[in-house]
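Participant: Contents of my_file_28.csv (CSV, C-alpha atoms) are given next:
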```
chain,number,residue,atom,x,y,z
A,75,MET,CA,85.3,48.9,120.8
A,76,THR,CA,85.5,52.5,119.7
A,77,MET,CA,88.7,54.2,118.6
A,78,LYS,CA,90.2,57.2,116.9
A,79,HIS,CA,91.8,56.5,113.5
A,80,ARG,CA,94.4,58.5,111.8
A,81,PHE,CA,95.5,57.9,108.3
A,82,ALA,CA,98.5,59.7,106.7
A,83,VAL,CA,100.5,59.3,103.6
A,84,SER,CA,104.3,59.9,103.7
A,85,GLU,CA,106.1,61.7,100.9
A,86,LYS,CA,107.6,58.4,99.9
A,87,GLU,CA,104.1,56.7,99.9
A,88,SER,CA,102.7,59.6,97.9
A,89,ALA,CA,105.4,59.1,95.2
A,90,ALA,CA,104.5,55.4,95.1
A,91,GLN,CA,100.8,56.2,94.9
A,92,PHE,CA,101.5,58.5,92.0
A,93,GLN,CA,103.1,55.6,90.1
A,94,GLN,CA,100.1,53.4,90.8
A,95,VAL,CA,97.1,55.8,90.6
A,96,SER,CA,98.3,58.1,87.9
A,97,LYS,CA,100.2,55.6,85.8
A,98,GLU,CA,99.5,51.9,86.4
A,99,MET,CA,95.8,52.2,87.0
A,100,LEU,CA,95.2,54.4,83.9
A,101,THR,CA,94.5,52.7,80.6
A,102,HIS,CA,94.9,54.6,77.4
A,103,ASN,CA,92.5,54.1,74.5
A,104,ALA,CA,94.7,55.2,71.6
A,105,ARG,CA,91.9,55.1,69.1
A,106,GLN,CA,89.9,57.6,71.2
A,107,GLY,CA,92.9,59.4,72.7
A,108,VAL,CA,91.1,59.0,76.0
A,109,ASN,CA,92.2,57.5,79.3
A,110,TYR,CA,90.2,55.2,81.6
A,111,TRP,CA,90.9,54.7,85.3
A,112,ALA,CA,90.7,51.5,87.2
A,113,GLY,CA,88.3,49.8,84.8
A,114,SER,CA,85.7,52.5,85.1
A,115,ASP,CA,83.9,53.2,81.8
A,116,TYR,CA,84.0,56.9,82.5
A,117,PRO,CA,86.8,58.8,80.6
A,118,THR,CA,89.5,60.3,82.7
A,119,MET,CA,91.6,63.2,81.8
A,120,LEU,CA,94.3,65.5,83.1
A,121,ILE,CA,93.1,69.0,83.7
A,122,TRP,CA,94.7,72.1,85.3
A,123,ALA,CA,93.5,72.5,88.9
A,124,GLY,CA,92.9,76.1,88.2
A,125,ARG,CA,90.2,75.2,85.8
A,126,ILE,CA,88.3,73.3,88.4
A,127,TYR,CA,88.6,76.4,90.5
A,128,ASP,CA,87.2,78.4,87.6
A,129,PHE,CA,83.9,76.5,87.9
A,130,LEU,CA,83.5,78.1,91.3
A,131,ARG,CA,85.0,81.5,90.4
A,132,VAL,CA,82.9,82.0,87.3
A,133,LEU,CA,79.6,80.8,88.9
A,134,GLU,CA,80.1,82.8,92.1
A,135,GLY,CA,80.5,85.9,89.9
A,136,ILE,CA,77.0,85.4,88.7
A,137,VAL,CA,75.0,83.9,91.5
A,138,GLY,CA,77.2,84.6,94.5
A,139,TYR,CA,79.3,82.4,96.7
A,140,TYR,CA,76.8,80.1,98.4
A,141,PRO,CA,74.9,78.8,95.4
A,142,ALA,CA,78.2,78.5,93.5
A,143,ARG,CA,79.7,76.6,96.4
A,144,MET,CA,76.9,74.1,96.6
A,145,GLN,CA,77.0,73.3,92.9
A,146,SER,CA,80.7,72.8,93.0
A,147,TYR,CA,80.2,70.7,96.2
A,148,LEU,CA,77.7,68.5,94.6
A,149,VAL,CA,79.8,67.8,91.6
A,150,GLY,CA,82.7,66.9,93.9
A,151,TYR,CA,80.4,64.8,96.0
A,152,THR,CA,79.5,62.5,93.1
A,153,SER,CA,83.2,62.3,92.1
A,154,GLY,CA,84.1,61.3,95.6
A,155,TRP,CA,81.3,58.8,96.0
A,156,ASN,CA,82.1,57.2,92.6
A,157,GLY,CA,85.8,57.1,93.5
A,158,ALA,CA,85.2,55.3,96.7
A,159,GLU,CA,82.8,53.0,94.9
A,160,VAL,CA,85.4,52.0,92.3
A,161,ASN,CA,88.1,51.7,95.0
A,162,ALA,CA,85.9,49.4,97.1
A,163,GLY,CA,86.0,47.0,94.2
A,164,ILE,CA,89.8,47.2,93.9
A,165,LEU,CA,90.7,46.8,97.6
A,166,LYS,CA,90.8,43.0,98.1
A,167,ASP,CA,92.2,43.2,101.6
A,168,LEU,CA,89.2,44.8,103.3
A,169,PRO,CA,89.0,43.1,106.7
A,170,PRO,CA,85.4,42.2,107.8
A,171,ASN,CA,85.4,44.4,110.8
A,172,ASP,CA,87.4,47.3,109.5
A,173,GLY,CA,86.3,47.6,105.9
A,174,LYS,CA,84.7,51.0,106.3
A,175,ALA,CA,87.7,52.6,107.9
A,176,ARG,CA,90.0,50.9,105.4
A,177,LEU,CA,88.1,52.2,102.5
A,178,LEU,CA,88.0,55.7,104.0
A,179,ALA,CA,91.8,55.5,104.6
A,180,SER,CA,92.4,54.5,100.9
A,181,GLY,CA,91.2,58.0,100.0
A,182,ASN,CA,94.3,59.7,101.0
A,183,GLY,CA,96.5,57.5,98.8
A,184,VAL,CA,94.2,57.9,95.8
A,185,LEU,CA,94.1,61.7,96.2
A,186,SER,CA,97.8,62.2,96.7
A,187,GLY,CA,98.5,59.8,93.9
A,188,ALA,CA,96.2,61.7,91.6
A,189,GLY,CA,97.8,65.0,92.5
A,190,TRP,CA,95.0,66.5,94.5
A,191,GLY,CA,97.1,67.1,97.5
A,192,ARG,CA,98.5,64.9,100.3
A,193,PRO,CA,95.8,64.5,103.0
A,194,MET,CA,95.7,63.2,106.5
A,195,ILE,CA,92.4,61.7,107.6
A,196,GLU,CA,91.2,61.5,111.2
A,197,TYR,CA,88.1,59.5,112.1
A,198,ASP,CA,86.6,59.1,115.5
A,199,ASP,CA,84.2,56.2,115.3
A,200,GLU,CA,82.7,57.0,118.6
A,201,THR,CA,81.6,60.5,117.8
A,202,GLY,CA,81.5,59.9,114.0
A,203,THR,CA,83.5,63.0,113.3
A,204,VAL,CA,85.8,63.0,110.3
A,205,ARG,CA,88.5,65.5,109.4
A,206,TRP,CA,90.5,65.7,106.2
A,207,GLU,CA,93.6,67.9,106.4
A,208,PHE,CA,95.9,68.8,103.6
A,209,PRO,CA,99.0,70.2,105.4
A,210,GLU,CA,100.4,71.6,102.1
A,211,GLY,CA,97.0,72.6,100.7
A,212,THR,CA,95.0,71.1,97.9
A,213,ALA,CA,95.9,71.5,94.3
A,214,ILE,CA,92.8,73.6,93.8
A,215,GLY,CA,93.6,75.8,96.8
A,216,LEU,CA,97.1,76.4,95.6
A,217,ALA,CA,95.9,77.2,92.1
A,218,ALA,CA,93.3,79.7,93.5
A,219,LEU,CA,96.1,81.4,95.5
A,220,GLN,CA,98.0,81.9,92.2
A,221,GLU,CA,95.1,84.2,91.2
A,222,GLY,CA,95.1,86.2,94.5
A,223,LYS,CA,94.1,85.8,98.1
A,224,ARG,CA,90.5,84.9,98.7
A,225,VAL,CA,88.1,85.8,101.4
A,226,LYS,CA,86.1,82.6,101.1
A,227,PRO,CA,87.5,79.1,100.7
A,228,ALA,CA,88.3,77.9,97.1
A,229,CYS,CA,87.8,74.2,97.5
A,230,PRO,CA,84.1,73.3,97.8
A,231,PHE,CA,84.7,70.8,95.0
A,232,VAL,CA,87.2,69.0,97.3
A,233,ALA,CA,84.8,69.4,100.3
A,234,GLY,CA,82.2,67.7,98.3
A,235,PHE,CA,84.6,65.0,97.2
A,236,VAL,CA,85.7,64.1,100.7
A,237,ALA,CA,82.1,64.1,101.8
A,238,GLY,CA,81.2,61.7,99.0
A,239,TRP,CA,84.2,59.5,99.7
A,240,THR,CA,83.5,59.5,103.4
A,241,ASN,CA,79.8,58.8,103.1
A,242,ARG,CA,80.3,56.0,100.7
A,243,SER,CA,83.0,54.5,102.9
A,244,LEU,CA,81.3,54.8,106.3
A,245,GLY,CA,77.7,54.7,105.2
A,246,THR,CA,77.1,58.1,106.8
A,247,LYS,CA,75.3,61.2,105.7
A,248,ILE,CA,77.9,63.8,106.7
A,249,GLU,CA,78.4,67.2,105.3
A,250,PHE,CA,81.8,68.8,105.2
A,251,HIS,CA,82.8,72.4,106.0
A,252,GLU,CA,86.1,73.9,104.7
A,253,SER,CA,87.4,75.5,107.9
A,254,GLU,CA,90.9,76.5,106.5
A,255,CYS,CA,92.1,77.1,103.0
A,256,VAL,CA,95.5,78.1,101.6
A,257,SER,CA,93.8,80.4,99.2
A,258,LYS,CA,92.7,82.5,102.2
A,259,GLY,CA,96.2,82.7,103.5
A,260,ASP,CA,95.9,79.7,105.9
A,261,ASP,CA,98.8,77.3,106.1
A,262,ARG,CA,96.7,74.3,105.0
A,263,CYS,CA,93.3,73.2,103.8
A,264,VAL,CA,91.1,71.5,106.4
A,265,PHE,CA,87.7,69.9,105.9
A,266,GLU,CA,85.6,69.0,108.9
A,267,SER,CA,82.5,67.0,109.2
A,268,VAL,CA,79.3,68.7,110.5
A,269,GLU,CA,75.9,67.3,111.2
A,270,TYR,CA,74.0,70.2,109.9
A,271,MET,CA,75.6,73.3,108.6
A,272,ARG,CA,74.2,76.7,108.3
A,273,PRO,CA,76.5,78.9,106.2
A,274,LYS,CA,77.0,82.1,108.2
A,275,ALA,CA,76.2,85.4,106.7
A,276,ASP,CA,78.9,87.6,105.2
B,725,MET,CA,91.4,49.6,74.1
B,726,ALA,CA,90.1,49.9,77.6
B,727,GLU,CA,87.4,47.3,78.4
B,728,PRO,CA,84.8,48.8,80.7
B,729,ARG,CA,84.4,46.5,83.6
B,730,ARG,CA,82.0,48.4,85.7
B,731,ALA,CA,79.3,51.0,85.3
B,732,LEU,CA,78.9,53.7,87.8
B,733,ALA,CA,75.7,55.4,88.7
B,734,PRO,CA,76.4,59.1,88.8
B,735,GLY,CA,73.8,61.2,90.5
B,736,ALA,CA,72.4,58.4,92.5
B,737,THR,CA,73.9,59.7,95.6
B,738,MET,CA,73.1,63.4,95.4
B,739,ASP,CA,70.2,63.4,97.9
B,740,THR,CA,72.4,61.9,100.6
B,741,VAL,CA,73.9,65.3,101.3
B,742,VAL,CA,70.5,66.8,102.2
B,743,MET,CA,70.6,67.6,105.8
B,744,ARG,CA,67.8,68.3,108.3
B,745,PRO,CA,67.6,70.7,111.2
B,746,PRO,CA,66.8,69.4,114.6
B,747,LEU,CA,63.3,67.8,114.6
B,748,GLU,CA,61.8,70.4,116.8
B,749,VAL,CA,62.9,73.2,114.5
B,750,SER,CA,62.0,71.2,111.4
B,751,GLU,CA,58.4,70.8,112.6
B,752,ALA,CA,58.2,74.5,113.5
B,753,LEU,CA,59.4,75.5,110.0
B,754,ARG,CA,56.9,73.1,108.4
B,755,GLU,CA,54.1,74.6,110.4
B,756,GLU,CA,55.2,78.1,109.3
B,757,LEU,CA,55.3,77.1,105.7
B,758,PHE,CA,51.8,75.6,105.8
B,759,ARG,CA,50.5,78.9,107.2
B,760,LEU,CA,50.9,80.1,103.6
B,761,ARG,CA,47.9,78.0,102.7
B,762,GLU,CA,45.8,81.0,103.8
B,763,VAL,CA,47.0,82.8,100.6
B,764,PRO,CA,44.5,82.1,97.8
B,765,GLY,CA,46.4,80.4,94.9
B,766,TRP,CA,49.2,79.1,97.1
B,767,ILE,CA,50.7,75.9,95.7
B,768,SER,CA,53.8,75.0,97.7
B,769,ALA,CA,56.7,76.6,99.6
B,770,ALA,CA,60.2,75.8,100.7
B,771,VAL,CA,62.8,77.3,103.0
B,772,THR,CA,66.4,76.8,101.8
B,773,ARG,CA,69.8,77.6,102.9
B,774,ARG,CA,71.5,80.4,100.9
B,775,ASP,CA,73.4,77.8,99.0
B,776,GLY,CA,70.3,76.0,97.8
B,777,LEU,CA,70.2,73.1,100.1
B,778,ALA,CA,66.6,72.4,101.2
B,779,ILE,CA,65.8,72.9,104.9
B,780,GLN,CA,62.1,72.3,104.9
B,781,HIS,CA,59.3,72.2,102.3
B,782,THR,CA,55.7,71.4,101.6
B,783,PHE,CA,56.3,69.7,98.2
B,784,GLY,CA,55.1,66.2,97.6
B,785,SER,CA,58.7,65.0,96.9
B,786,SER,CA,62.1,66.0,98.0
B,787,HIS,CA,63.3,66.0,94.4
B,788,GLU,CA,60.8,68.7,93.5
B,789,ALA,CA,61.8,70.7,96.6
B,790,ALA,CA,65.5,70.3,95.9
B,791,SER,CA,65.1,71.7,92.4
B,792,LEU,CA,63.2,74.7,93.5
B,793,CYS,CA,65.6,75.4,96.4
B,794,ALA,CA,68.6,75.2,94.1
B,795,MET,CA,67.0,77.5,91.6
B,796,ALA,CA,65.7,79.9,94.3
B,797,ALA,CA,69.2,80.3,95.7
B,798,ALA,CA,70.6,80.9,92.3
B,799,LEU,CA,67.8,83.5,91.6
B,800,VAL,CA,68.4,85.3,94.9
B,801,GLY,CA,72.2,85.1,94.3
B,802,SER,CA,71.8,86.6,90.8
B,803,ALA,CA,69.5,89.3,92.1
B,804,ARG,CA,72.0,90.2,94.9
B,805,SER,CA,74.9,90.3,92.4
B,806,THR,CA,72.8,92.5,90.1
B,807,GLY,CA,71.8,94.8,92.9
B,808,SER,CA,75.4,95.1,93.9
B,809,GLU,CA,76.6,95.8,90.4
B,810,LEU,CA,74.0,98.5,89.9
B,811,SER,CA,74.5,99.9,93.4
B,812,GLN,CA,70.9,99.3,94.4
B,813,GLY,CA,71.5,98.1,97.9
B,814,PRO,CA,70.5,94.8,99.5
B,815,PHE,CA,68.1,92.3,97.9
B,816,SER,CA,64.6,92.2,99.4
B,817,TYR,CA,62.3,90.0,97.4
B,818,ALA,CA,61.4,89.0,93.8
B,819,PHE,CA,58.4,87.9,91.9
B,820,VAL,CA,58.9,85.8,88.8
B,821,GLN,CA,55.8,85.5,86.6
B,822,TYR,CA,55.4,82.5,84.2
B,823,LEU,CA,52.6,81.5,81.9
B,824,ASP,CA,51.2,79.1,84.5
B,825,GLY,CA,52.4,80.4,87.8
B,826,ILE,CA,54.3,82.8,90.0
B,827,LEU,CA,57.4,82.3,92.1
B,828,LEU,CA,58.1,84.5,95.0
B,829,VAL,CA,61.5,84.4,96.6
B,830,MET,CA,62.4,86.3,99.8
B,831,GLU,CA,65.3,86.2,102.2
B,832,ALA,CA,64.4,84.7,105.5
B,833,GLY,CA,67.1,86.2,107.6
B,834,GLU,CA,70.7,86.3,106.6
B,835,GLU,CA,71.1,82.6,106.2
B,836,ALA,CA,67.9,81.3,104.5
B,837,ILE,CA,65.6,81.9,101.6
B,838,LEU,CA,61.8,81.4,101.5
B,839,ALA,CA,60.5,80.4,98.1
B,840,CYS,CA,56.8,80.2,97.4
B,841,LEU,CA,55.1,78.9,94.3
B,842,MET,CA,51.6,80.2,93.5
B,843,LYS,CA,49.0,80.1,90.8
B,844,ARG,CA,49.0,82.8,88.2
B,845,ASP,CA,45.9,84.4,89.6
B,846,ALA,CA,47.1,84.5,93.2
B,847,ASN,CA,46.6,87.7,95.1
B,848,LEU,CA,50.1,89.1,95.1
B,849,GLY,CA,49.5,91.8,97.7
B,850,LEU,CA,48.2,89.3,100.2
B,851,ALA,CA,50.9,86.8,99.2
B,852,LEU,CA,53.7,89.4,99.8
B,853,MET,CA,52.3,90.3,103.2
B,854,LYS,CA,51.9,86.7,104.4
B,855,VAL,CA,55.3,85.6,103.0
B,856,THR,CA,57.0,88.5,104.7
B,857,GLN,CA,55.4,87.5,108.0
B,858,VAL,CA,56.4,83.9,107.6
B,859,ALA,CA,59.9,84.8,106.5
B,860,ARG,CA,60.4,86.9,109.6
B,861,ARG,CA,59.3,84.0,111.8
B,862,ILE,CA,61.4,81.5,110.0
B,863,SER,CA,64.4,83.8,110.4
B,864,ALA,CA,63.7,83.9,114.2
B,865,ARG,CA,63.5,80.1,114.4
B,866,LEU,CA,66.7,79.6,112.6
B,867,GLU,CA,68.4,82.1,114.8
B,868,GLU,CA,67.6,79.8,117.7
B,869,LEU,CA,69.8,77.1,116.3
```
Could you render the structure as structure tokens?
Facilitator:
Amino acid sequence: MTMKHRFAVSEKESAAQFQQVSKEMLTHNARQGVNYWAGSDYPTMLIWAGRIYDFLRVLEGIVGYYPARMQSYLVGYTSGWNGAEVNAGILKDLPPNDGKARLLASGNGVLSGAGWGRPMIEYDDETGTVRWEFPEGTAIGLAALQEGKRVKPACPFVAGFVAGWTNRSLGTKIEFHESECVSKGDDRCVFESVEYMRPKAD
Amino acid sequence: MAEPRRALAPGATMDTVVMRPPLEVSEALREELFRLREVPGWISAAVTRRDGLAIQHTFGSSHEAASLCAMAAALVGSARSTGSELSQGPFSYAFVQYLDGILLVMEAGEEAILACLMKRDANLGLALMKVTQVARRISARLEEL
């Protein structure tokens, strides 16, 4: 049976996710002064969202938007894939028939709890389309807006992240397009799945 | 101290974002790329999106093509930025000569780039003419999408 799924995080749940994701699941190695998340052996640290935006901003100043977008996207992609990979090991309540959607759904709690923004995920398992919407914007989009309104989206890192998370969860090979971004003056940030995307010319 | 419980495999998933155009277009693009075999000294070629994601190529492995495509996009992007800074108008094409070979990059329409790797002694005049022709046809095929 096919169905449309919609996963959202309330403000109250977001606050609870913050306690769990950004506090309880972090382990501090006092000797190193380094944090580790959820048992992963990769160091985790707090960083200004604007500095993630800088990876895009600086690179696009040199090679232009599209190559800069892709490099940022690929870094985000690995982050999203690995995040879902770790989370798949944490979730002990994955039902046999709904494990993929459940893992996908867990992404919104992890992101809001980590301070990336509070997303709502829509997944149509008949068409395979997936949509991640951040009604209040992503942290990176909001940070970019602080530096002035943009013409092109500011969150390819997040687009890559949701692509990696989605593909690891659903076993798909989907690419994501950022159709709305608060840094452009939109009300929200929206990432929509596409089968094959050709970036349009300026 | 945190005890690592699991190792991740960063980078192992990168190729999963490589997308392909519809099969019919993909075949047509591959055919166009192989027309470049007529250029003496031709080694391999690829057509990439402007962001560096490979669309089609003639390389033996996707990994080789992915590297070339990413770098070709960065090269064209840098050249465009430089042209803009120096008020020299739009980018057309670029030859990059190395000790062992030559890389020719050219825009194939507004949304793609054609990159062609050749031997150092390739006939550049002939290569430029053929690559220009192929780039135009690739542009037209992509417009059909």
Participant: Using only C-alpha atoms, which of the listed residues (B:Glu809, B:Glu756, B:Asp845, B:Glu762) sits closest to chain A?
Facilitator: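 The answer is B:Glu809, which sits nearest to chain A.
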Participant: Kindly determine which residues of chain A lie within 8 Å of chain B, considering only C-alpha atoms, and give the answer as a PyMOL selection string.
Facilitator: chain A and resi 101-105+110+113-115+135-144+148+151-152+155-156+247-249+269-270+272-275
Participant: Compare B:Val858, B:Val829, B:Ala778, B:Val820 by their minimum atom-to-atom distance to Glu755 (chain B), counting only C-alpha atoms, and give me the closest one.
Facilitator: B:Val858
Participant: Which value, in Å to one decimal, gives the distance between CA of Gly202 (chain A) and CA of Val149 (chain A)?
Facilitator: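 Taking CA of Gly202 (chain A) and CA of Val149 (chain A), their separation equals 23.8 Å.
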Participant: Near Val83 (chain A), within 8 Å and counting all atoms listed in the file, which residues show up once chain neighbours fewer than 4 positions away are dropped, as an mmCIF file with C-alpha atoms, keeping the file's coordinate frame?
Facilitator:
```cif
data_model
loop_
_atom_site.group_PDB
_atom_site.id
_atom_site.type_symbol
_atom_site.label_atom_id
_atom_site.label_comp_id
_atom_site.auth_asym_id
_atom_site.auth_seq_id
_atom_site.Cartn_x
_atom_site.Cartn_y
_atom_site.Cartn_z
ATOM 1 C CA GLU A 87 104.100 56.700 99.900
ATOM 2 C CA SER A 88 102.700 59.600 97.900
ATOM 3 C CA ASN A 182 94.300 59.700 101.000
ATOM 4 C CA GLY A 183 96.500 57.500 98.800
ATOM 5 C CA SER A 186 97.800 62.200 96.700
ATOM 6 C CA ARG A 192 98.500 64.900 100.300
ATOM 7 C CA PRO A 193 95.800 64.500 103.000
ATOM 8 C CA MET A 194 95.700 63.200 106.500
#
```
Participant: Please return, as a PyMOL selection string, all polymer residues that have at least one atom within 12 Å of the point (49.0, 90.5, 99.4); use all atoms listed in the file and the file's own coordinate frame.
Facilitator: chain B and resi 760+762-766+828+845-857
Participant: Using all atoms listed in the file, determine which residues lie at most 12 Å from Pro209 (chain A), disregarding the query and same-chain residues fewer than 6 positions distant; provide the list as a list in words.
Facilitator: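 Skipping anything fewer than 6 positions along the chain leaves Ala82, Val83, Ser84, Glu85, Ser186, Gly191, Arg192, Pro193, Met194, Ile195, Gly215, Leu216, Glu254, Cys255, Val256, Asp260, Asp261, Arg262, Cys263, Val264 and Phe265 of chain A.
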Participant: Can you list, as a PyMOL selection string, every protein, DNA or RNA residue that comes within 9 Å of Ser768 (chain B) when you count only C-alpha atoms, leaving out same-chain residues fewer than 5 positions away?
Facilitator: chain B and resi 757-758+760-761+781-784+839-842
Participant: Suppose you want the space between CA of Arg865 (chain B) and CA of Leu792 (chain B); what is it in Å?
Facilitator: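 CA of Arg865 (chain B) sits 21.6 Å away from CA of Leu792 (chain B).
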Participant: State, in Å with one decimal place, the distance from CA of Ala859 (chain B) to CA of Gln821 (chain B).
Facilitator: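 It comes out at 20.3 Å.
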Participant: Which neighbours of Asp199 (chain A) fall inside 9 Å, counting all atoms listed in the file, when residues of the same chain fewer than 5 positions from it are skipped, and could you give them as a short mmCIF file (atom, residue, chain, number, x, y, z; two decimals) with C-alpha atoms, keeping the file's coordinate frame?
Facilitator:
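Saved result, result_4.cif, follows:
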```cif
data_model
loop_
_atom_site.label_atom_id
_atom_site.label_comp_id
_atom_site.auth_asym_id
_atom_site.auth_seq_id
_atom_site.Cartn_x
_atom_site.Cartn_y
_atom_site.Cartn_z
CA THR A 76 85.50 52.50 119.70
CA MET A 77 88.70 54.20 118.60
CA LYS A 78 90.20 57.20 116.90
CA HIS A 79 91.80 56.50 113.50
CA ALA A 175 87.70 52.60 107.90
CA VAL A 204 85.80 63.00 110.30
#
```
Participant: Calculated over only C-alpha atoms, which of the candidates B:Lys843, B:Arg754, B:His787, B:Arg860 has the smallest distance to Met830 (chain B)?
Facilitator: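 Ranking B:Lys843, B:Arg754, B:His787, B:Arg860 by distance to Met830 (chain B), first place goes to B:Arg860.
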Participant: Compare A:Ser146, A:Ser253, A:Ser180, A:Asn109 by their minimum atom-to-atom distance to Phe235 (chain A), counting all atoms listed in the file, and give me the closest one.
Facilitator: A:Ser146
